[in-house]
file final29.pdb (PDB, C-alpha atoms and all ligand atoms)
ATOM      1  CA  MET A1003       4.326  12.641 -14.045  1.00  0.00           C
ATOM      2  CA  LYS A1004       2.695  13.970 -10.882  1.00  0.00           C
ATOM      3  CA  ALA A1005       2.663  10.997  -8.544  1.00  0.00           C
ATOM      4  CA  LEU A1006       2.051  10.546  -4.828  1.00  0.00           C
ATOM      5  CA  VAL A1007       2.580   7.590  -2.520  1.00  0.00           C
ATOM      6  CA  VAL A1008       0.317   7.651   0.549  1.00  0.00           C
ATOM      7  CA  TYR A1009       0.949   5.191   3.361  1.00  0.00           C
ATOM      8  CA  ASP A1010       0.293   4.315   6.956  1.00  0.00           C
ATOM      9  CA  SER A1011       2.861   2.601   9.130  1.00  0.00           C
ATOM     10  CA  ILE A1012       3.014   1.611  12.796  1.00  0.00           C
ATOM     11  CA  PHE A1013       6.507   0.119  13.052  1.00  0.00           C
ATOM     12  CA  GLY A1014       8.115   1.805  10.030  1.00  0.00           C
ATOM     13  CA  ASN A1015       8.215  -1.049   7.516  1.00  0.00           C
ATOM     14  CA  THR A1016       5.428   0.202   5.238  1.00  0.00           C
ATOM     15  CA  GLU A1017       7.026   3.635   5.407  1.00  0.00           C
ATOM     16  CA  LEU A1018      10.303   2.203   4.061  1.00  0.00           C
ATOM     17  CA  VAL A1019       8.419   0.473   1.244  1.00  0.00           C
ATOM     18  CA  ALA A1020       6.528   3.686   0.384  1.00  0.00           C
ATOM     19  CA  GLN A1021       9.732   5.733   0.364  1.00  0.00           C
ATOM     20  CA  ALA A1022      11.444   3.179  -1.897  1.00  0.00           C
ATOM     21  CA  MET A1023       8.508   3.467  -4.303  1.00  0.00           C
ATOM     22  CA  GLY A1024       8.692   7.250  -4.152  1.00  0.00           C
ATOM     23  CA  ARG A1025      12.376   7.137  -5.088  1.00  0.00           C
ATOM     24  CA  ALA A1026      11.700   4.737  -7.939  1.00  0.00           C
ATOM     25  CA  LEU A1027       8.931   6.861  -9.440  1.00  0.00           C
ATOM     26  CA  GLY A1028       9.680   9.788 -11.657  1.00  0.00           C
ATOM     27  CA  ALA A1029      13.468   9.623 -11.404  1.00  0.00           C
ATOM     28  CA  PRO A1030      15.642  11.595 -10.856  1.00  0.00           C
ATOM     29  CA  GLU A1031      13.691  13.650  -8.318  1.00  0.00           C
ATOM     30  CA  GLY A1032      11.289  10.908  -7.208  1.00  0.00           C
ATOM     31  CA  ALA A1033       7.704  11.255  -6.037  1.00  0.00           C
ATOM     32  CA  GLU A1034       6.644  12.344  -2.588  1.00  0.00           C
ATOM     33  CA  ALA A1035       5.603   9.764  -0.010  1.00  0.00           C
ATOM     34  CA  HIS A1036       3.242  11.048   2.685  1.00  0.00           C
ATOM     35  CA  ARG A1037       1.602   9.474   5.699  1.00  0.00           C
ATOM     36  CA  VAL A1038      -2.201   9.074   5.382  1.00  0.00           C
ATOM     37  CA  THR A1039      -2.815  11.434   8.264  1.00  0.00           C
ATOM     38  CA  GLU A1040      -0.811  14.218   6.595  1.00  0.00           C
ATOM     39  CA  VAL A1041      -2.500  14.235   3.196  1.00  0.00           C
ATOM     40  CA  LYS A1042      -5.112  16.852   2.413  1.00  0.00           C
ATOM     41  CA  PRO A1043      -7.719  16.378  -0.336  1.00  0.00           C
ATOM     42  CA  GLU A1044      -6.194  19.371  -2.265  1.00  0.00           C
ATOM     43  CA  GLN A1045      -2.972  17.373  -2.703  1.00  0.00           C
ATOM     44  CA  LEU A1046      -4.873  14.920  -4.868  1.00  0.00           C
ATOM     45  CA  LYS A1047      -5.783  17.646  -7.382  1.00  0.00           C
ATOM     46  CA  GLY A1048      -3.979  17.265 -10.716  1.00  0.00           C
ATOM     47  CA  LEU A1049      -2.474  13.929  -9.688  1.00  0.00           C
ATOM     48  CA  GLU A1050      -1.699  11.437 -12.441  1.00  0.00           C
ATOM     49  CA  LEU A1051      -0.779   8.518 -10.199  1.00  0.00           C
ATOM     50  CA  LEU A1052      -1.783   7.682  -6.624  1.00  0.00           C
ATOM     51  CA  ILE A1053      -0.324   4.670  -4.809  1.00  0.00           C
ATOM     52  CA  VAL A1054      -1.769   3.811  -1.388  1.00  0.00           C
ATOM     53  CA  GLY A1055      -0.277   1.320   1.058  1.00  0.00           C
ATOM     54  CA  SER A1056      -1.014   0.094   4.580  1.00  0.00           C
ATOM     55  CA  PRO A1057       0.177  -2.540   7.008  1.00  0.00           C
ATOM     56  CA  THR A1058      -2.270  -5.451   7.115  1.00  0.00           C
ATOM     57  CA  ARG A1059      -3.862  -5.415  10.569  1.00  0.00           C
ATOM     58  CA  ALA A1060      -6.494  -8.049  11.308  1.00  0.00           C
ATOM     59  CA  PHE A1061      -6.752  -8.761   7.547  1.00  0.00           C
ATOM     60  CA  GLN A1062      -7.531  -5.123   6.741  1.00  0.00           C
ATOM     61  CA  PRO A1063      -5.994  -1.695   6.125  1.00  0.00           C
ATOM     62  CA  THR A1064      -5.441   0.420   9.244  1.00  0.00           C
ATOM     63  CA  PRO A1065      -8.318   2.644  10.448  1.00  0.00           C
ATOM     64  CA  ALA A1066      -6.329   5.756   9.387  1.00  0.00           C
ATOM     65  CA  THR A1067      -5.957   4.354   5.869  1.00  0.00           C
ATOM     66  CA  LYS A1068      -9.680   3.660   5.710  1.00  0.00           C
ATOM     67  CA  ARG A1069     -10.433   7.193   6.927  1.00  0.00           C
ATOM     68  CA  PHE A1070      -8.163   8.657   4.244  1.00  0.00           C
ATOM     69  CA  LEU A1071      -9.839   6.584   1.527  1.00  0.00           C
ATOM     70  CA  GLY A1072     -13.260   7.545   2.868  1.00  0.00           C
ATOM     71  CA  SER A1073     -12.324  11.233   2.755  1.00  0.00           C
ATOM     72  CA  ILE A1074     -11.791  11.150  -1.022  1.00  0.00           C
ATOM     73  CA  PRO A1075     -14.929  12.561  -2.650  1.00  0.00           C
ATOM     74  CA  ALA A1076     -17.115  10.345  -4.850  1.00  0.00           C
ATOM     75  CA  ARG A1077     -15.531  10.216  -8.348  1.00  0.00           C
ATOM     76  CA  GLY A1078     -12.624  12.163  -6.803  1.00  0.00           C
ATOM     77  CA  LEU A1079     -10.139   9.899  -8.564  1.00  0.00           C
ATOM     78  CA  GLY A1080     -11.643  10.225 -12.056  1.00  0.00           C
ATOM     79  CA  GLY A1081      -8.721  10.316 -14.517  1.00  0.00           C
ATOM     80  CA  VAL A1082      -6.212   9.229 -11.846  1.00  0.00           C
ATOM     81  CA  LYS A1083      -4.184   6.040 -12.203  1.00  0.00           C
ATOM     82  CA  VAL A1084      -4.045   4.097  -8.944  1.00  0.00           C
ATOM     83  CA  ALA A1085      -2.302   1.164  -7.301  1.00  0.00           C
ATOM     84  CA  ALA A1086      -2.447  -0.423  -3.839  1.00  0.00           C
ATOM     85  CA  PHE A1087      -0.026  -2.359  -1.666  1.00  0.00           C
ATOM     86  CA  ASP A1088       0.292  -3.684   1.849  1.00  0.00           C
ATOM     87  CA  THR A1089       2.847  -5.200   4.149  1.00  0.00           C
ATOM     88  CA  ARG A1090       2.031  -8.562   5.700  1.00  0.00           C
ATOM     89  CA  PHE A1091       3.248 -11.709   7.414  1.00  0.00           C
ATOM     90  CA  ASN A1092       4.030 -14.730   5.380  1.00  0.00           C
ATOM     91  CA  VAL A1093       1.330 -17.154   6.487  1.00  0.00           C
ATOM     92  CA  GLU A1094       3.634 -20.125   5.864  1.00  0.00           C
ATOM     93  CA  ASP A1095       6.114 -18.772   8.447  1.00  0.00           C
ATOM     94  CA  ALA A1096       3.378 -18.910  11.116  1.00  0.00           C
ATOM     95  CA  ASP A1097       2.799 -22.620  10.409  1.00  0.00           C
ATOM     96  CA  SER A1098      -0.817 -22.341  11.570  1.00  0.00           C
ATOM     97  CA  ALA A1099      -3.643 -24.022   9.693  1.00  0.00           C
ATOM     98  CA  ILE A1100      -6.201 -21.780  11.414  1.00  0.00           C
ATOM     99  CA  LEU A1101      -4.377 -18.623  10.368  1.00  0.00           C
ATOM    100  CA  ALA A1102      -3.991 -19.927   6.813  1.00  0.00           C
ATOM    101  CA  PHE A1103      -7.736 -20.608   6.741  1.00  0.00           C
ATOM    102  CA  LEU A1104      -8.580 -17.130   8.056  1.00  0.00           C
ATOM    103  CA  VAL A1105      -6.242 -15.509   5.527  1.00  0.00           C
ATOM    104  CA  SER A1106      -7.879 -17.505   2.742  1.00  0.00           C
ATOM    105  CA  LEU A1107     -11.230 -16.081   3.913  1.00  0.00           C
ATOM    106  CA  PHE A1108     -10.323 -12.499   4.763  1.00  0.00           C
ATOM    107  CA  GLY A1109      -7.097 -11.789   2.833  1.00  0.00           C
ATOM    108  CA  TYR A1110      -4.871  -8.750   3.211  1.00  0.00           C
ATOM    109  CA  ALA A1111      -5.120  -4.952   3.134  1.00  0.00           C
ATOM    110  CA  ALA A1112      -4.099  -4.243  -0.474  1.00  0.00           C
ATOM    111  CA  LYS A1113      -7.208  -5.605  -2.184  1.00  0.00           C
ATOM    112  CA  PRO A1114      -9.758  -3.587  -0.179  1.00  0.00           C
ATOM    113  CA  ILE A1115      -7.589  -0.500  -0.699  1.00  0.00           C
ATOM    114  CA  ALA A1116      -7.611  -1.106  -4.465  1.00  0.00           C
ATOM    115  CA  ASN A1117     -11.379  -1.632  -4.396  1.00  0.00           C
ATOM    116  CA  ARG A1118     -11.939   1.660  -2.611  1.00  0.00           C
ATOM    117  CA  LEU A1119      -9.613   3.515  -5.005  1.00  0.00           C
ATOM    118  CA  THR A1120     -11.425   2.192  -8.078  1.00  0.00           C
ATOM    119  CA  ARG A1121     -14.807   2.914  -6.489  1.00  0.00           C
ATOM    120  CA  LYS A1122     -13.703   6.551  -6.325  1.00  0.00           C
ATOM    121  CA  GLY A1123     -13.016   6.488 -10.060  1.00  0.00           C
ATOM    122  CA  GLY A1124      -9.325   5.518 -10.132  1.00  0.00           C
ATOM    123  CA  GLU A1125      -7.934   3.334 -12.904  1.00  0.00           C
ATOM    124  CA  LEU A1126      -6.078   0.357 -11.389  1.00  0.00           C
ATOM    125  CA  MET A1127      -2.671  -0.050 -13.050  1.00  0.00           C
ATOM    126  CA  LEU A1128      -1.459  -3.322 -11.520  1.00  0.00           C
ATOM    127  CA  ALA A1129      -2.906  -6.003  -9.264  1.00  0.00           C
ATOM    128  CA  PRO A1130      -2.694  -5.179  -5.532  1.00  0.00           C
ATOM    129  CA  GLU A1131       0.650  -6.310  -4.124  1.00  0.00           C
ATOM    130  CA  GLY A1132       1.968  -7.421  -0.721  1.00  0.00           C
ATOM    131  CA  PHE A1133       5.463  -7.000   0.703  1.00  0.00           C
ATOM    132  CA  PHE A1134       6.609  -9.329   3.470  1.00  0.00           C
ATOM    133  CA  VAL A1135       7.835  -8.589   6.976  1.00  0.00           C
ATOM    134  CA  GLU A1136       9.703 -11.214   9.006  1.00  0.00           C
ATOM    135  CA  GLY A1137       7.866 -10.494  12.283  1.00  0.00           C
ATOM    136  CA  THR A1138       5.179  -8.171  13.598  1.00  0.00           C
ATOM    137  CA  GLU A1139       7.604  -5.259  13.893  1.00  0.00           C
ATOM    138  CA  GLY A1140       9.726  -6.245  10.908  1.00  0.00           C
ATOM    139  CA  PRO A1141      12.264  -6.155   9.510  1.00  0.00           C
ATOM    140  CA  LEU A1142      11.197  -6.418   5.909  1.00  0.00           C
ATOM    141  CA  ARG A1143      12.215  -9.637   4.268  1.00  0.00           C
ATOM    142  CA  GLU A1144      15.459  -9.270   2.352  1.00  0.00           C
ATOM    143  CA  GLY A1145      14.947  -7.983  -1.176  1.00  0.00           C
ATOM    144  CA  GLU A1146      11.497  -6.470  -0.535  1.00  0.00           C
ATOM    145  CA  LEU A1147      12.622  -2.839  -0.959  1.00  0.00           C
ATOM    146  CA  GLU A1148      14.136  -3.714  -4.335  1.00  0.00           C
ATOM    147  CA  ARG A1149      10.915  -5.534  -5.257  1.00  0.00           C
ATOM    148  CA  ALA A1150       8.917  -2.449  -4.207  1.00  0.00           C
ATOM    149  CA  GLU A1151      11.071  -0.217  -6.423  1.00  0.00           C
ATOM    150  CA  GLU A1152      10.623  -2.594  -9.331  1.00  0.00           C
ATOM    151  CA  TRP A1153       6.844  -2.719  -8.773  1.00  0.00           C
ATOM    152  CA  ALA A1154       6.643   1.089  -8.778  1.00  0.00           C
ATOM    153  CA  ARG A1155       8.763   1.271 -11.947  1.00  0.00           C
ATOM    154  CA  ARG A1156       6.412  -1.149 -13.672  1.00  0.00           C
ATOM    155  CA  ILE A1157       3.476   1.096 -12.759  1.00  0.00           C
ATOM    156  CA  ALA A1158       5.281   4.213 -13.988  1.00  0.00           C
ATOM    157  CA  ALA A1159       6.074   2.456 -17.267  1.00  0.00           C
ATOM    158  CA  GLU A1160       2.354   1.782 -17.788  1.00  0.00           C
ATOM    159  CA  CYS A1161       1.356   5.406 -17.143  1.00  0.00           C
TER
HETATM  160  C1  LIG B   1      -2.444  -6.202  15.830  1.00  0.00           C
HETATM  161  C2  LIG B   1      -1.772  -6.720  14.572  1.00  0.00           C
HETATM  162  C3  LIG B   1      -2.536  -7.410  13.635  1.00  0.00           C
HETATM  163  C4  LIG B   1      -1.933  -7.910  12.487  1.00  0.00           C
HETATM  164  N1  LIG B   1      -2.696  -8.580  11.578  1.00  0.00           N
HETATM  165  C5  LIG B   1      -2.113  -9.085  10.471  1.00  0.00           C
HETATM  166  C6  LIG B   1      -2.898  -9.799   9.500  1.00  0.00           C
HETATM  167  O1  LIG B   1      -4.102  -9.974   9.626  1.00  0.00           O
HETATM  168  N2  LIG B   1      -2.271 -10.293   8.409  1.00  0.00           N
HETATM  169  C7  LIG B   1      -0.928 -10.120   8.208  1.00  0.00           C
HETATM  170  O2  LIG B   1      -0.420 -10.596   7.197  1.00  0.00           O
HETATM  171  N3  LIG B   1      -0.159  -9.424   9.093  1.00  0.00           N
HETATM  172  C8  LIG B   1      -0.723  -8.922  10.211  1.00  0.00           C
HETATM  173  N4  LIG B   1       0.041  -8.222  11.115  1.00  0.00           N
HETATM  174  C9  LIG B   1       1.444  -7.964  10.818  1.00  0.00           C
HETATM  175  C10 LIG B   1       1.550  -6.583  10.199  1.00  0.00           C
HETATM  176  O3  LIG B   1       1.160  -6.660   8.852  1.00  0.00           O
HETATM  177  C11 LIG B   1       2.946  -6.004  10.347  1.00  0.00           C
HETATM  178  O4  LIG B   1       3.073  -5.601  11.705  1.00  0.00           O
HETATM  179  C12 LIG B   1       3.140  -4.821   9.413  1.00  0.00           C
HETATM  180  O5  LIG B   1       3.335  -5.275   8.101  1.00  0.00           O
HETATM  181  C13 LIG B   1       4.291  -3.947   9.815  1.00  0.00           C
HETATM  182  O6  LIG B   1       4.168  -2.764   9.077  1.00  0.00           O
HETATM  183  P1  LIG B   1       4.552  -1.373   9.737  1.00  0.00           P
HETATM  184  O7  LIG B   1       5.963  -1.529  10.240  1.00  0.00           O
HETATM  185  O8  LIG B   1       4.497  -0.394   8.621  1.00  0.00           O
HETATM  186  O9  LIG B   1       3.596  -1.066  10.830  1.00  0.00           O
HETATM  187  C14 LIG B   1      -0.530  -7.722  12.267  1.00  0.00           C
HETATM  188  C15 LIG B   1       0.213  -7.042  13.229  1.00  0.00           C
HETATM  189  C16 LIG B   1      -0.379  -6.539  14.376  1.00  0.00           C
HETATM  190  C17 LIG B   1       0.444  -5.822  15.401  1.00  0.00           C
END
call {"tool": "encode", "arguments": {"input": "final29.pdb", "output": "structure tokens"}}
result
Amino acid sequence: MKALVVYDSIFGNTELVAQAMGRALGAPEGAEAHRVTEVKPEQLKGLELLIVGSPTRAFQPTPATKRFLGSIPARGLGGVKVAAFDTRFNVEDADSAILAFLVSLFGYAAKPIANRLTRKGGELMLAPEGFFVEGTEGPLREGELERAEEWARRIAAEC
């Protein structure tokens, strides 16, 4: 299966999640994981599976992730299976009613990524997923890399 994981990452946590997914896909050699700014439209040609992930920043994907998604031509993901993930805070850790309210209104990055991927013709394989960081700069919550691998394996099994 020709699969690609595309991610953005400021502090390195989303990168670790993307790399774990890459390892879990298409064993034994794994799939490549590339930063959004390094992916060229040609690399999407002949793809069977595209997974895109971003840190959640102000309830949204990063600007670079949005630019990457915007650069995919209309119907450019016809016939491609897609999935989306983000990294995020756990709202309950913040213990803030205002933040919880804002999150309930505006959500996280993964859903808008999934929406953009399907708008370009991609077939969504699993619901958008979030992986938790302990603080703004991480680290990832214990067990999240294993959960990311498992999530990617579930997607591969559906393909
Ligand atoms: C400016 C800024 C805004 C953020 N906004 C959100 C947010 O709206 N929701 C959330 O869950 N996490 C938010 N976070 C936490 C990030 O999701 C966290 O830094 C990210 O998951 C780390 O991923 P990275 O190491 O790949 O950059 C924010 C962090 C920063 C620095």
call {"tool": "closest_residue", "arguments": {"input": "final29.pdb", "among": "A:Gly1109, A:Gly1055, A:Gly1048, A:Gly1078", "to": "A:His1036", "atoms": "only C-alpha atoms"}}
result
A:Gly1055
call {"tool": "residues_around", "arguments": {"input": "final29.pdb", "residues": "A:Arg1025", "least_positions_apart": "5", "cutoff": "12 Å", "atoms": "all atoms listed in the file", "output": "tab-separated table (two decimals) with C-alpha atoms, in the frame of the given file"}}
result
chain	number	residue	atom	x	y	z
A	1005	ALA	CA	2.66	11.00	-8.54
A	1006	LEU	CA	2.05	10.55	-4.83
A	1007	VAL	CA	2.58	7.59	-2.52
A	1018	LEU	CA	10.30	2.20	4.06
A	1019	VAL	CA	8.42	0.47	1.24
A	1020	ALA	CA	6.53	3.69	0.38
A	1030	PRO	CA	15.64	11.60	-10.86
A	1031	GLU	CA	13.69	13.65	-8.32
A	1032	GLY	CA	11.29	10.91	-7.21
A	1033	ALA	CA	7.70	11.26	-6.04
A	1034	GLU	CA	6.64	12.34	-2.59
A	1035	ALA	CA	5.60	9.76	-0.01
A	1147	LEU	CA	12.62	-2.84	-0.96
A	1148	GLU	CA	14.14	-3.71	-4.34
A	1150	ALA	CA	8.92	-2.45	-4.21
A	1151	GLU	CA	11.07	-0.22	-6.42
A	1152	GLU	CA	10.62	-2.59	-9.33
A	1153	TRP	CA	6.84	-2.72	-8.77
A	1154	ALA	CA	6.64	1.09	-8.78
A	1155	ARG	CA	8.76	1.27	-11.95
A	1158	ALA	CA	5.28	4.21	-13.99
call {"tool": "closest_atom_pairs", "arguments": {"input": "final29.pdb", "of": "chain A", "to": "ligand LIG 1 (chain B)", "cutoff": "10 Å", "atoms": "all atoms listed in the file", "output": "CSV"}}
result
residue,atom,partner,partner_atom,distance
A:Tyr1009,CA,B:LIG1,O8,8.5
A:Asp1010,CA,B:LIG1,O8,6.5
A:Ser1011,CA,B:LIG1,O8,3.5
A:Ile1012,CA,B:LIG1,O9,3.4
A:Phe1013,CA,B:LIG1,O7,3.3
A:Gly1014,CA,B:LIG1,O7,4.0
A:Asn1015,CA,B:LIG1,O7,3.6
A:Thr1016,CA,B:LIG1,O8,3.6
A:Glu1017,CA,B:LIG1,O8,5.7
A:Leu1018,CA,B:LIG1,O8,7.8
A:Val1019,CA,B:LIG1,O8,8.4
A:Ala1020,CA,B:LIG1,O8,9.4
A:Gly1055,CA,B:LIG1,O8,9.1
A:Ser1056,CA,B:LIG1,O8,6.9
A:Pro1057,CA,B:LIG1,O5,4.3
A:Thr1058,CA,B:LIG1,O3,4.0
A:Arg1059,CA,B:LIG1,N1,3.5
A:Ala1060,CA,B:LIG1,O1,3.5
A:Phe1061,CA,B:LIG1,O1,3.6
A:Gln1062,CA,B:LIG1,O1,6.6
A:Pro1063,CA,B:LIG1,O3,9.1
A:Thr1064,CA,B:LIG1,O9,9.3
A:Asp1088,CA,B:LIG1,O5,7.1
A:Thr1089,CA,B:LIG1,O5,4.0
A:Arg1090,CA,B:LIG1,O2,3.5
A:Phe1091,CA,B:LIG1,O2,3.8
A:Asn1092,CA,B:LIG1,O2,6.3
A:Val1093,CA,B:LIG1,O2,6.8
A:Ala1096,CA,B:LIG1,O2,9.9
A:Leu1101,CA,B:LIG1,O1,8.7
A:Ala1102,CA,B:LIG1,N2,9.9
A:Leu1104,CA,B:LIG1,O1,8.6
A:Val1105,CA,B:LIG1,N2,7.2
A:Phe1108,CA,B:LIG1,O1,8.3
A:Gly1109,CA,B:LIG1,N2,7.5
A:Tyr1110,CA,B:LIG1,N2,6.0
A:Ala1111,CA,B:LIG1,N2,8.0
A:Gly1132,CA,B:LIG1,O2,8.9
A:Phe1133,CA,B:LIG1,O5,7.9
A:Phe1134,CA,B:LIG1,O5,7.0
A:Val1135,CA,B:LIG1,O5,5.7
A:Glu1136,CA,B:LIG1,C11,8.6
A:Gly1137,CA,B:LIG1,O4,6.9
A:Thr1138,CA,B:LIG1,O4,3.8
A:Glu1139,CA,B:LIG1,O4,5.0
A:Gly1140,CA,B:LIG1,C13,6.0
A:Pro1141,CA,B:LIG1,O7,7.9
A:Leu1142,CA,B:LIG1,O5,8.2
call {"tool": "resolve_selection", "arguments": {"input": "final29.pdb", "expression": "the PyMOL selection byres (((chain A and resi 1129) around 10) and not hetatm)", "output": "JSON list (two decimals) with C-alpha atoms, in the coordinates of the input"}}
result
[["chain", "number", "residue", "atom", "x", "y", "z"],
["A", 1085, "ALA", "CA", -2.30, 1.16, -7.30],
["A", 1086, "ALA", "CA", -2.45, -0.42, -3.84],
["A", 1087, "PHE", "CA", -0.03, -2.36, -1.67],
["A", 1112, "ALA", "CA", -4.10, -4.24, -0.47],
["A", 1113, "LYS", "CA", -7.21, -5.60, -2.18],
["A", 1116, "ALA", "CA", -7.61, -1.11, -4.46],
["A", 1126, "LEU", "CA", -6.08, 0.36, -11.39],
["A", 1127, "MET", "CA", -2.67, -0.05, -13.05],
["A", 1128, "LEU", "CA", -1.46, -3.32, -11.52],
["A", 1130, "PRO", "CA", -2.69, -5.18, -5.53],
["A", 1131, "GLU", "CA", 0.65, -6.31, -4.12],
["A", 1132, "GLY", "CA", 1.97, -7.42, -0.72]]
call {"tool": "axis_aligned_box", "arguments": {"input": "final29.pdb", "around": "stretch 1131-1146 of chain A", "padding_each_side": "8 Å", "output": "lines of an AutoDock Vina configuration file"}}
result
center_x = 8.1
center_y = -8.2
center_z = 4.9
size_x = 30.8
size_y = 22.0
size_z = 34.0
call {"tool": "closest_residue", "arguments": {"input": "final29.pdb", "among": "A:Ala1159, A:Leu1046, A:Ala1099, A:Val1038", "to": "A:Gly1080", "atoms": "all atoms listed in the file"}}
result
A:Leu1046
call {"tool": "residues_around", "arguments": {"input": "final29.pdb", "residues": "A:Glu1050", "least_positions_apart": "5", "cutoff": "10 Å", "atoms": "all atoms listed in the file", "output": "JSON, numbers by chain"}}
result
{"A": [1003, 1004, 1005, 1006, 1079, 1081, 1082, 1083, 1084, 1124, 1161]}
call {"tool": "closest_residue", "arguments": {"input": "final29.pdb", "among": "A:Leu1052, A:Thr1120, A:Arg1143, A:Pro1065", "to": "A:Asp1095", "atoms": "all atoms listed in the file"}}
result
A:Arg1143
call {"tool": "resolve_selection", "arguments": {"input": "final29.pdb", "expression": "the PyMOL selection byres (((chain A and resi 1069) around 12) and not hetatm)", "output": "ChimeraX atom specification"}}
result
/A:1010,1038-1042,1063-1068,1070-1075,1115,1118
call {"tool": "atom_distance", "arguments": {"input": "final29.pdb", "atom1": "atom CA of A:Ala1026", "atom2": "atom CA of A:Leu1049"}}
result
17.0 Å
call {"tool": "atom_distance", "arguments": {"input": "final29.pdb", "atom1": "atom CA of A:Leu1027", "atom2": "atom CA of A:Leu1051"}}
result
9.9 Å
call {"tool": "atom_distance", "arguments": {"input": "final29.pdb", "atom1": "atom CA of A:Arg1077", "atom2": "atom CA of A:Lys1122"}}
result
4.6 Å
call {"tool": "closest_residue", "arguments": {"input": "final29.pdb", "among": "A:Leu1107, A:Val1008, A:Glu1094, A:Ile1157", "to": "A:Gly1028", "atoms": "all atoms listed in the file"}}
result
A:Ile1157
